[in-house]
$ cat data_32.json   # JSON, C-alpha atoms
[["chain", "number", "residue", "atom", "x", "y", "z"],
["A", 1, "MET", "CA", -19.59, -3.34, -1.66],
["A", 2, "SER", "CA", -17.14, -0.68, -2.84],
["A", 3, "LEU", "CA", -13.89, 0.72, -1.48],
["A", 4, "ASN", "CA", -12.65, 4.28, -1.41],
["A", 5, "ILE", "CA", -8.86, 4.52, -1.56],
["A", 6, "ASN", "CA", -6.91, 7.73, -0.92],
["A", 7, "TRP", "CA", -3.14, 8.06, -1.14],
["A", 8, "LEU", "CA", -1.66, 10.30, 1.55],
["A", 9, "GLY", "CA", 1.97, 10.13, 0.36],
["A", 10, "LEU", "CA", 4.89, 7.71, 0.71],
["A", 11, "SER", "CA", 3.37, 4.29, 1.60],
["A", 12, "CYS", "CA", 0.38, 5.71, 3.45],
["A", 13, "PHE", "CA", -3.14, 5.01, 2.22],
["A", 14, "LYS", "CA", -6.56, 5.41, 3.76],
["A", 15, "ILE", "CA", -9.03, 2.70, 2.74],
["A", 16, "ASN", "CA", -12.69, 3.16, 3.58],
["A", 17, "ALA", "CA", -15.20, 0.35, 3.21],
["A", 18, "LYS", "CA", -18.74, -0.33, 4.32],
["A", 19, "ILE", "CA", -19.07, -3.88, 5.60],
["A", 20, "GLY", "CA", -22.63, -4.75, 6.45],
["A", 21, "ASP", "CA", -24.09, -1.66, 8.07],
["A", 22, "LYS", "CA", -20.78, -0.36, 9.45],
["A", 23, "GLU", "CA", -17.93, 1.63, 7.93],
["A", 24, "VAL", "CA", -14.32, 0.61, 8.46],
["A", 25, "ASP", "CA", -11.25, 2.80, 7.93],
["A", 26, "ILE", "CA", -7.80, 1.31, 7.38],
["A", 27, "VAL", "CA", -4.58, 3.38, 7.37],
["A", 28, "THR", "CA", -1.27, 1.94, 6.17],
["A", 29, "ASP", "CA", 2.23, 3.15, 7.09],
["A", 30, "PRO", "CA", 1.56, 6.61, 8.60],
["A", 31, "TYR", "CA", 4.65, 8.83, 8.29],
["A", 32, "SER", "CA", 6.34, 11.38, 10.51],
["A", 33, "PRO", "CA", 6.50, 15.12, 9.68],
["A", 34, "ALA", "CA", 10.28, 14.59, 9.50],
["A", 35, "SER", "CA", 9.62, 13.12, 6.03],
["A", 36, "GLY", "CA", 8.76, 16.60, 4.78],
["A", 37, "LEU", "CA", 5.10, 15.62, 4.36],
["A", 38, "LYS", "CA", 2.20, 16.07, 6.76],
["A", 39, "LEU", "CA", -0.73, 13.78, 7.39],
["A", 40, "PRO", "CA", -4.22, 15.29, 7.57],
["A", 41, "ARG", "CA", -4.99, 16.61, 11.06],
["A", 42, "ASN", "CA", -8.18, 14.62, 11.39],
["A", 43, "LEU", "CA", -6.78, 11.27, 10.24],
["A", 44, "ALA", "CA", -8.56, 8.48, 12.15],
["A", 45, "ALA", "CA", -8.74, 4.74, 11.63],
["A", 46, "ASP", "CA", -10.11, 1.49, 12.96],
["A", 47, "ILE", "CA", -7.08, -0.49, 11.73],
["A", 48, "VAL", "CA", -3.49, 0.69, 11.22],
["A", 49, "THR", "CA", -0.70, -1.41, 9.69],
["A", 50, "VAL", "CA", 3.02, -0.66, 9.97],
["A", 51, "SER", "CA", 5.31, -2.41, 7.51],
["A", 52, "HIS", "CA", 8.56, -1.64, 9.31],
["A", 53, "ASN", "CA", 10.13, 0.42, 12.06],
["A", 54, "HIS", "CA", 11.07, 3.61, 10.24],
["A", 55, "PRO", "CA", 9.65, 7.14, 10.74],
["A", 56, "ASN", "CA", 8.35, 7.12, 7.15],
["A", 57, "HIS", "CA", 6.19, 4.11, 8.01],
["A", 58, "ASN", "CA", 5.48, 3.94, 11.76],
["A", 59, "TYR", "CA", 4.16, 7.31, 12.98],
["A", 60, "LEU", "CA", 1.22, 6.09, 15.04],
["A", 61, "ASP", "CA", 0.87, 9.48, 16.75],
["A", 62, "GLY", "CA", -0.49, 10.77, 13.46],
["A", 63, "VAL", "CA", -3.61, 8.56, 13.63],
["A", 64, "SER", "CA", -6.44, 9.01, 16.11],
["A", 65, "GLY", "CA", -9.43, 6.82, 16.96],
["A", 66, "ASN", "CA", -7.81, 4.16, 19.19],
["A", 67, "PRO", "CA", -7.18, 1.85, 16.22],
["A", 68, "PHE", "CA", -6.16, -1.78, 16.23],
["A", 69, "VAL", "CA", -2.45, -1.76, 15.24],
["A", 70, "MET", "CA", -0.69, -4.58, 13.40],
["A", 71, "LYS", "CA", 3.04, -4.34, 12.77],
["A", 72, "SER", "CA", 4.30, -7.91, 12.53],
["A", 73, "PRO", "CA", 3.51, -11.14, 10.70],
["A", 74, "GLY", "CA", 0.33, -12.95, 11.67],
["A", 75, "GLU", "CA", -3.38, -13.21, 10.93],
["A", 76, "VAL", "CA", -6.27, -11.29, 12.44],
["A", 77, "GLU", "CA", -9.90, -10.44, 11.78],
["A", 78, "GLU", "CA", -10.88, -6.95, 12.89],
["A", 79, "LYS", "CA", -14.25, -5.33, 12.20],
["A", 80, "GLY", "CA", -14.94, -7.75, 9.37],
["A", 81, "VAL", "CA", -11.56, -7.19, 7.68],
["A", 82, "PHE", "CA", -9.10, -10.09, 7.44],
["A", 83, "VAL", "CA", -5.48, -8.92, 7.69],
["A", 84, "TYR", "CA", -2.53, -11.19, 6.93],
["A", 85, "GLY", "CA", 1.03, -10.10, 7.75],
["A", 86, "ILE", "CA", 3.83, -11.84, 5.85],
["A", 87, "ARG", "CA", 7.48, -11.61, 6.88],
["A", 88, "SER", "CA", 9.97, -10.11, 4.40],
["A", 89, "VAL", "CA", 12.86, -7.63, 4.43],
["A", 90, "ALA", "CA", 13.18, -3.97, 3.50],
["A", 91, "HIS", "CA", 16.12, -2.40, 1.71],
["A", 92, "GLU", "CA", 17.36, 0.70, 3.49],
["A", 93, "ASN", "CA", 20.81, 2.27, 3.17],
["A", 94, "ASP", "CA", 22.18, -1.04, 1.88],
["A", 95, "LYS", "CA", 21.06, -2.86, 5.03],
["A", 96, "GLU", "CA", 18.33, -5.45, 5.28],
["A", 97, "ILE", "CA", 15.75, -4.81, 8.00],
["A", 98, "SER", "CA", 12.47, -6.47, 8.85],
["A", 99, "ASN", "CA", 9.52, -5.62, 6.59],
["A", 100, "THR", "CA", 5.98, -6.96, 6.77],
["A", 101, "LEU", "CA", 3.89, -7.44, 3.64],
["A", 102, "PHE", "CA", 0.17, -7.07, 4.28],
["A", 103, "ARG", "CA", -2.78, -8.67, 2.56],
["A", 104, "PHE", "CA", -6.25, -7.30, 3.29],
["A", 105, "GLU", "CA", -9.44, -9.17, 2.48],
["A", 106, "VAL", "CA", -12.11, -6.46, 2.55],
["A", 107, "GLY", "CA", -15.43, -7.94, 1.54],
["A", 108, "ASP", "CA", -14.85, -9.47, -1.89],
["A", 109, "ILE", "CA", -11.73, -7.42, -2.73],
["A", 110, "SER", "CA", -8.12, -8.38, -1.94],
["A", 111, "ILE", "CA", -5.46, -5.71, -1.43],
["A", 112, "ALA", "CA", -1.71, -6.19, -0.97],
["A", 113, "HIS", "CA", 0.60, -3.57, 0.56],
["A", 114, "LEU", "CA", 4.31, -4.30, 0.10],
["A", 115, "GLY", "CA", 5.73, -1.76, 2.54],
["A", 116, "ASP", "CA", 9.32, -1.06, 1.51],
["A", 117, "ILE", "CA", 10.19, -4.48, 0.16],
["A", 118, "GLY", "CA", 13.86, -4.72, -0.77],
["A", 119, "HIS", "CA", 14.09, -7.94, -2.76],
["A", 120, "GLU", "CA", 12.41, -10.02, -5.42],
["A", 121, "PHE", "CA", 9.63, -12.30, -4.20],
["A", 122, "THR", "CA", 10.35, -15.66, -2.69],
["A", 123, "ASP", "CA", 8.08, -18.54, -3.69],
["A", 124, "GLU", "CA", 6.41, -18.37, -0.27],
["A", 125, "GLU", "CA", 5.67, -14.65, -0.55],
["A", 126, "LEU", "CA", 4.31, -15.12, -4.05],
["A", 127, "GLU", "CA", 2.01, -17.89, -2.86],
["A", 128, "GLU", "CA", 0.71, -15.76, 0.03],
["A", 129, "LEU", "CA", -0.10, -12.82, -2.24],
["A", 130, "LYS", "CA", -1.39, -14.53, -5.39],
["A", 131, "ASP", "CA", -4.74, -13.49, -6.83],
["A", 132, "VAL", "CA", -4.79, -10.04, -5.20],
["A", 133, "ASP", "CA", -6.99, -7.49, -6.92],
["A", 134, "VAL", "CA", -5.20, -4.27, -5.94],
["A", 135, "LEU", "CA", -1.45, -3.92, -5.33],
["A", 136, "PHE", "CA", 0.17, -1.01, -3.49],
["A", 137, "LEU", "CA", 3.66, -1.17, -5.01],
["A", 138, "PRO", "CA", 6.78, 0.81, -3.93],
["A", 139, "VAL", "CA", 8.44, 2.15, -7.07],
["A", 140, "GLY", "CA", 10.91, 4.79, -5.87],
["A", 141, "ASP", "CA", 13.93, 2.56, -5.31],
["A", 142, "LYS", "CA", 14.33, -0.68, -7.28],
["A", 143, "ILE", "CA", 12.26, -0.27, -10.41],
["A", 144, "LYS", "CA", 13.17, -3.49, -12.23],
["A", 145, "GLU", "CA", 12.37, -5.51, -9.10],
["A", 146, "ALA", "CA", 9.05, -3.66, -8.75],
["A", 147, "VAL", "CA", 8.13, -4.44, -12.35],
["A", 148, "LYS", "CA", 9.06, -8.09, -11.89],
["A", 149, "ILE", "CA", 6.87, -8.34, -8.78],
["A", 150, "ALA", "CA", 3.96, -6.73, -10.64],
["A", 151, "ASN", "CA", 4.33, -9.17, -13.52],
["A", 152, "GLU", "CA", 4.53, -12.14, -11.15],
["A", 153, "LEU", "CA", 1.44, -11.16, -9.17],
["A", 154, "GLN", "CA", -0.60, -9.87, -12.12],
["A", 155, "PRO", "CA", -3.01, -7.83, -9.96],
["A", 156, "ARG", "CA", -6.03, -6.20, -11.57],
["A", 157, "ILE", "CA", -4.89, -2.74, -10.43],
["A", 158, "ILE", "CA", -1.45, -1.40, -9.45],
["A", 159, "ILE", "CA", -1.26, 1.76, -7.37],
["A", 160, "PRO", "CA", 2.34, 3.08, -7.22],
["A", 161, "MET", "CA", 3.65, 4.46, -3.92],
["A", 162, "HIS", "CA", 6.87, 5.48, -2.18],
["A", 163, "TYR", "CA", 8.28, 7.60, -5.01],
["A", 164, "ARG", "CA", 9.65, 11.13, -5.27],
["A", 165, "LEU", "CA", 7.46, 14.10, -4.41],
["A", 166, "PRO", "CA", 8.82, 17.67, -4.58],
["A", 167, "GLU", "CA", 8.24, 18.48, -0.92],
["A", 168, "GLN", "CA", 9.44, 15.27, 0.71],
["A", 169, "LYS", "CA", 12.89, 14.44, 2.03],
["A", 170, "GLY", "CA", 14.89, 11.42, 0.97],
["A", 171, "ASP", "CA", 16.38, 9.96, -2.18],
["A", 172, "PHE", "CA", 13.53, 8.52, -4.23],
["A", 173, "LEU", "CA", 13.22, 7.88, -7.94],
["A", 174, "PRO", "CA", 10.48, 9.69, -9.88],
["A", 175, "LEU", "CA", 7.26, 7.92, -10.77],
["A", 176, "GLU", "CA", 7.87, 8.40, -14.50],
["A", 177, "LYS", "CA", 10.71, 5.87, -14.52],
["A", 178, "PHE", "CA", 8.40, 3.14, -13.26],
["A", 179, "LEU", "CA", 5.59, 4.06, -15.67],
["A", 180, "LYS", "CA", 7.99, 3.85, -18.60],
["A", 181, "GLU", "CA", 9.35, 0.48, -17.44],
["A", 182, "ILE", "CA", 6.00, -1.17, -16.67],
["A", 183, "GLY", "CA", 4.54, -0.31, -20.06],
["A", 184, "ALA", "CA", 0.93, -0.72, -18.89],
["A", 185, "LYS", "CA", -1.89, 1.74, -19.48],
["A", 186, "SER", "CA", -2.09, 4.29, -16.66],
["A", 187, "GLU", "CA", -4.50, 6.95, -15.50],
["A", 188, "THR", "CA", -4.36, 9.60, -12.79],
["A", 189, "LEU", "CA", -7.19, 10.03, -10.29],
["A", 190, "PRO", "CA", -7.68, 12.02, -7.07],
["A", 191, "LYS", "CA", -8.95, 8.86, -5.37],
["A", 192, "LEU", "CA", -10.09, 5.40, -6.39],
["A", 193, "LYS", "CA", -13.60, 4.13, -5.78],
["A", 194, "ILE", "CA", -13.78, 0.50, -6.79],
["A", 195, "ALA", "CA", -16.16, -2.45, -6.58],
["A", 196, "LYS", "CA", -15.43, -6.03, -7.60],
["A", 197, "LYS", "CA", -17.49, -5.66, -10.76],
["A", 198, "ASP", "CA", -15.39, -2.66, -11.83],
["A", 199, "LEU", "CA", -12.06, -4.47, -11.75],
["A", 200, "PRO", "CA", -10.40, -4.91, -15.17],
["A", 201, "GLN", "CA", -10.58, -8.45, -16.48],
["A", 202, "ASP", "CA", -8.01, -8.77, -19.25],
["A", 203, "GLU", "CA", -5.08, -6.54, -18.33],
["A", 204, "MET", "CA", -3.30, -4.84, -15.47],
["A", 205, "ARG", "CA", -4.33, -1.24, -14.95],
["A", 206, "VAL", "CA", -2.01, 1.31, -13.31],
["A", 207, "VAL", "CA", -3.83, 3.95, -11.29],
["A", 208, "VAL", "CA", -1.73, 6.91, -10.16],
["A", 209, "LEU", "CA", -3.41, 8.61, -7.21],
["A", 210, "THR", "CA", -2.69, 12.25, -6.52],
["A", 211, "ARG", "CA", -1.84, 12.90, -2.90],
["A", 212, "GLY", "CA", -4.88, 14.19, -1.05],
["A", 213, "TRP", "CA", -7.84, 13.54, 1.18]]
$ encode --input "data_32.json" --output "structure tokens"
Amino acid sequence: MSLNINWLGLSCFKINAKIGDKEVDIVTDPYSPASGLKLPRNLAADIVTVSHNHPNHNYLDGVSGNPFVMKSPGEVEEKGVFVYGIRSVAHENDKEISNTLFRFEVGDISIAHLGDIGHEFTDEELEELKDVDVLFLPVGDKIKEAVKIANELQPRIIIPMHYRLPEQKGDFLPLEKFLKEIGAKSETLPKLKIAKKDLPQDEMRVVVLTRGW
């Protein structure tokens, strides 16, 4: 089994997988046009996750297909995908608000999406997310915390998200600051197609996805 991962901007990804004889599409954190970015017109999904209640993360009107929506902690199996929501907090305008970390078990690959996490990991969060293969990591706010989380989790692949793009609104740090701080080898791709056998074995790999679909 292989996954196709596209980054749509901010914390929004589309993950496509074939499980058995059926395809499954997952969309994370769809954003409002008020962000300065636009989602593709034909964006559809079977599963949508929302990390917290902010227009940059919760624009369900942007996704068609009558998807199953998960926006709080818990566990569910939907269309062969296991989704685990883990309670945390987001850092926004110096206020702590609810944030849900998500872990996806898609076939034999584990993916973690950290939403807009605003703190270093607790022991409980670290335990829930250990041994993930692919980490969607917000890097446009607290870079040292992001690097610490990456080093604690030691995923096979890190995909940065939630950083500055020329056309979007909001105060985000540029990607380059994170890449300099993390010090790991990075490559830029239009999308990531990955199978378990392709995952790096001896080091973390940073994959920068260009925004597109």
$ closest_residue --input "data_32.json" --among "A:Leu175, A:Ala90, A:Ile47, A:Leu37" --to "A:Val76" --atoms "all atoms listed in the file"
A:Ile47
$ residues_around --input "data_32.json" --residues "stretch 107-114 of chain A" --least-positions-apart "3" --cutoff "8 Å" --atoms "only C-alpha atoms" --output "MDAnalysis selection string"
chainID A and resid 1 19 51 80:81 100:104 117 129 131:138 195:196
$ residues_near_point --input "data_32.json" --point "(-3.4, -10.8, 11.1)" --cutoff "12 Å" --atoms "all atoms listed in the file" --output "MDAnalysis selection string"
chainID A and resid 47:49 68:78 81:87 100:105
$ atom_distance --input "data_32.json" --atom1 "atom CA of A:Lys193" --atom2 "atom CA of A:Asn4"
4.5 Å
$ atom_distance --input "data_32.json" --atom1 "atom CA of A:Leu199" --atom2 "atom CA of A:Arg156"
6.3 Å
$ atom_distance --input "data_32.json" --atom1 "atom CA of A:Trp7" --atom2 "atom CA of A:Leu209"
6.1 Å
$ closest_residue --input "data_32.json" --among "A:His162, A:Lys79, A:Val50, A:Asn58" --to "A:Gly20" --atoms "only C-alpha atoms"
A:Lys79
$ decode --input "data_32.json" --residues "stretch 24-58 of chain A" --atoms "N, CA and C atoms" --output "tab-separated table (two decimals), in the first residue's frame"
chain	number	residue	atom	x	y	z
A	24	VAL	N	-9.52	5.90	-0.16
A	24	VAL	CA	-9.96	6.75	0.94
A	24	VAL	C	-9.22	8.08	0.85
A	25	ASP	N	-9.96	9.18	0.99
A	25	ASP	CA	-9.37	10.51	0.99
A	25	ASP	C	-9.57	11.16	2.36
A	26	ILE	N	-8.48	11.65	2.92
A	26	ILE	CA	-8.50	12.35	4.21
A	26	ILE	C	-8.07	13.79	3.97
A	27	VAL	N	-8.79	14.75	4.55
A	27	VAL	CA	-8.40	16.16	4.51
A	27	VAL	C	-8.25	16.65	5.94
A	28	THR	N	-7.14	17.35	6.21
A	28	THR	CA	-6.89	17.90	7.53
A	28	THR	C	-7.01	19.42	7.51
A	29	ASP	N	-7.62	19.99	8.51
A	29	ASP	CA	-7.65	21.43	8.77
A	29	ASP	C	-7.93	22.30	7.52
A	30	PRO	N	-9.09	22.14	6.89
A	30	PRO	CA	-9.41	23.02	5.75
A	30	PRO	C	-9.55	24.47	6.22
A	31	TYR	N	-9.08	25.41	5.40
A	31	TYR	CA	-9.02	26.81	5.81
A	31	TYR	C	-10.00	27.68	5.01
A	32	SER	N	-10.36	28.78	5.62
A	32	SER	CA	-11.28	29.74	5.01
A	32	SER	C	-10.56	30.63	4.00
A	33	PRO	N	-11.28	31.15	2.99
A	33	PRO	CA	-10.67	32.12	2.07
A	33	PRO	C	-10.18	33.37	2.78
A	34	ALA	N	-10.67	33.64	3.99
A	34	ALA	CA	-10.20	34.80	4.75
A	34	ALA	C	-8.71	34.71	5.07
A	35	SER	N	-8.14	33.51	4.96
A	35	SER	CA	-6.71	33.33	5.20
A	35	SER	C	-5.85	33.94	4.11
A	36	GLY	N	-6.48	34.27	2.98
A	36	GLY	CA	-5.73	34.74	1.81
A	36	GLY	C	-5.43	33.63	0.83
A	37	LEU	N	-5.69	32.38	1.21
A	37	LEU	CA	-5.50	31.22	0.35
A	37	LEU	C	-6.85	30.63	-0.03
A	38	LYS	N	-6.88	29.88	-1.10
A	38	LYS	CA	-8.10	29.23	-1.53
A	38	LYS	C	-7.87	27.73	-1.69
A	39	LEU	N	-8.83	26.96	-1.22
A	39	LEU	CA	-8.80	25.52	-1.43
A	39	LEU	C	-9.21	25.20	-2.86
A	40	PRO	N	-8.82	24.04	-3.38
A	40	PRO	CA	-9.30	23.66	-4.71
A	40	PRO	C	-10.82	23.54	-4.72
A	41	ARG	N	-11.44	23.90	-5.83
A	41	ARG	CA	-12.90	23.90	-5.92
A	41	ARG	C	-13.50	22.52	-5.76
A	42	ASN	N	-12.78	21.52	-6.21
A	42	ASN	CA	-13.33	20.16	-6.23
A	42	ASN	C	-12.83	19.32	-5.05
A	43	LEU	N	-12.43	19.97	-3.96
A	43	LEU	CA	-11.88	19.23	-2.83
A	43	LEU	C	-12.98	18.39	-2.17
A	44	ALA	N	-12.78	17.08	-2.13
A	44	ALA	CA	-13.73	16.16	-1.51
A	44	ALA	C	-12.97	15.21	-0.61
A	45	ALA	N	-13.66	14.63	0.35
A	45	ALA	CA	-13.00	13.74	1.30
A	45	ALA	C	-14.00	12.76	1.88
A	46	ASP	N	-13.45	11.66	2.38
A	46	ASP	CA	-14.21	10.70	3.17
A	46	ASP	C	-14.10	11.00	4.66
A	47	ILE	N	-12.95	11.56	5.05
A	47	ILE	CA	-12.67	11.90	6.45
A	47	ILE	C	-12.07	13.30	6.50
A	48	VAL	N	-12.57	14.13	7.41
A	48	VAL	CA	-11.99	15.46	7.64
A	48	VAL	C	-11.70	15.60	9.13
A	49	THR	N	-10.49	16.08	9.45
A	49	THR	CA	-10.16	16.38	10.84
A	49	THR	C	-9.94	17.89	11.01
A	50	VAL	N	-10.36	18.38	12.16
A	50	VAL	CA	-10.23	19.80	12.52
A	50	VAL	C	-9.50	19.88	13.85
A	51	SER	N	-8.34	20.51	13.85
A	51	SER	CA	-7.52	20.52	15.07
A	51	SER	C	-8.03	21.52	16.10
A	52	HIS	N	-8.53	22.68	15.63
A	52	HIS	CA	-9.15	23.60	16.57
A	52	HIS	C	-10.02	24.61	15.85
A	53	ASN	N	-10.82	25.32	16.67
A	53	ASN	CA	-11.90	26.15	16.13
A	53	ASN	C	-11.39	27.52	15.72
A	54	HIS	N	-10.75	27.55	14.57
A	54	HIS	CA	-10.22	28.80	14.00
A	54	HIS	C	-10.43	28.72	12.49
A	55	PRO	N	-10.75	29.85	11.83
A	55	PRO	CA	-11.03	29.81	10.39
A	55	PRO	C	-9.90	29.25	9.54
A	56	ASN	N	-8.66	29.29	10.05
A	56	ASN	CA	-7.54	28.70	9.30
A	56	ASN	C	-7.50	27.18	9.41
A	57	HIS	N	-8.41	26.62	10.20
A	57	HIS	CA	-8.35	25.18	10.47
A	57	HIS	C	-9.71	24.47	10.40
A	58	ASN	N	-10.82	25.20	10.31
A	58	ASN	CA	-12.13	24.57	10.51
A	58	ASN	C	-13.16	24.85	9.41
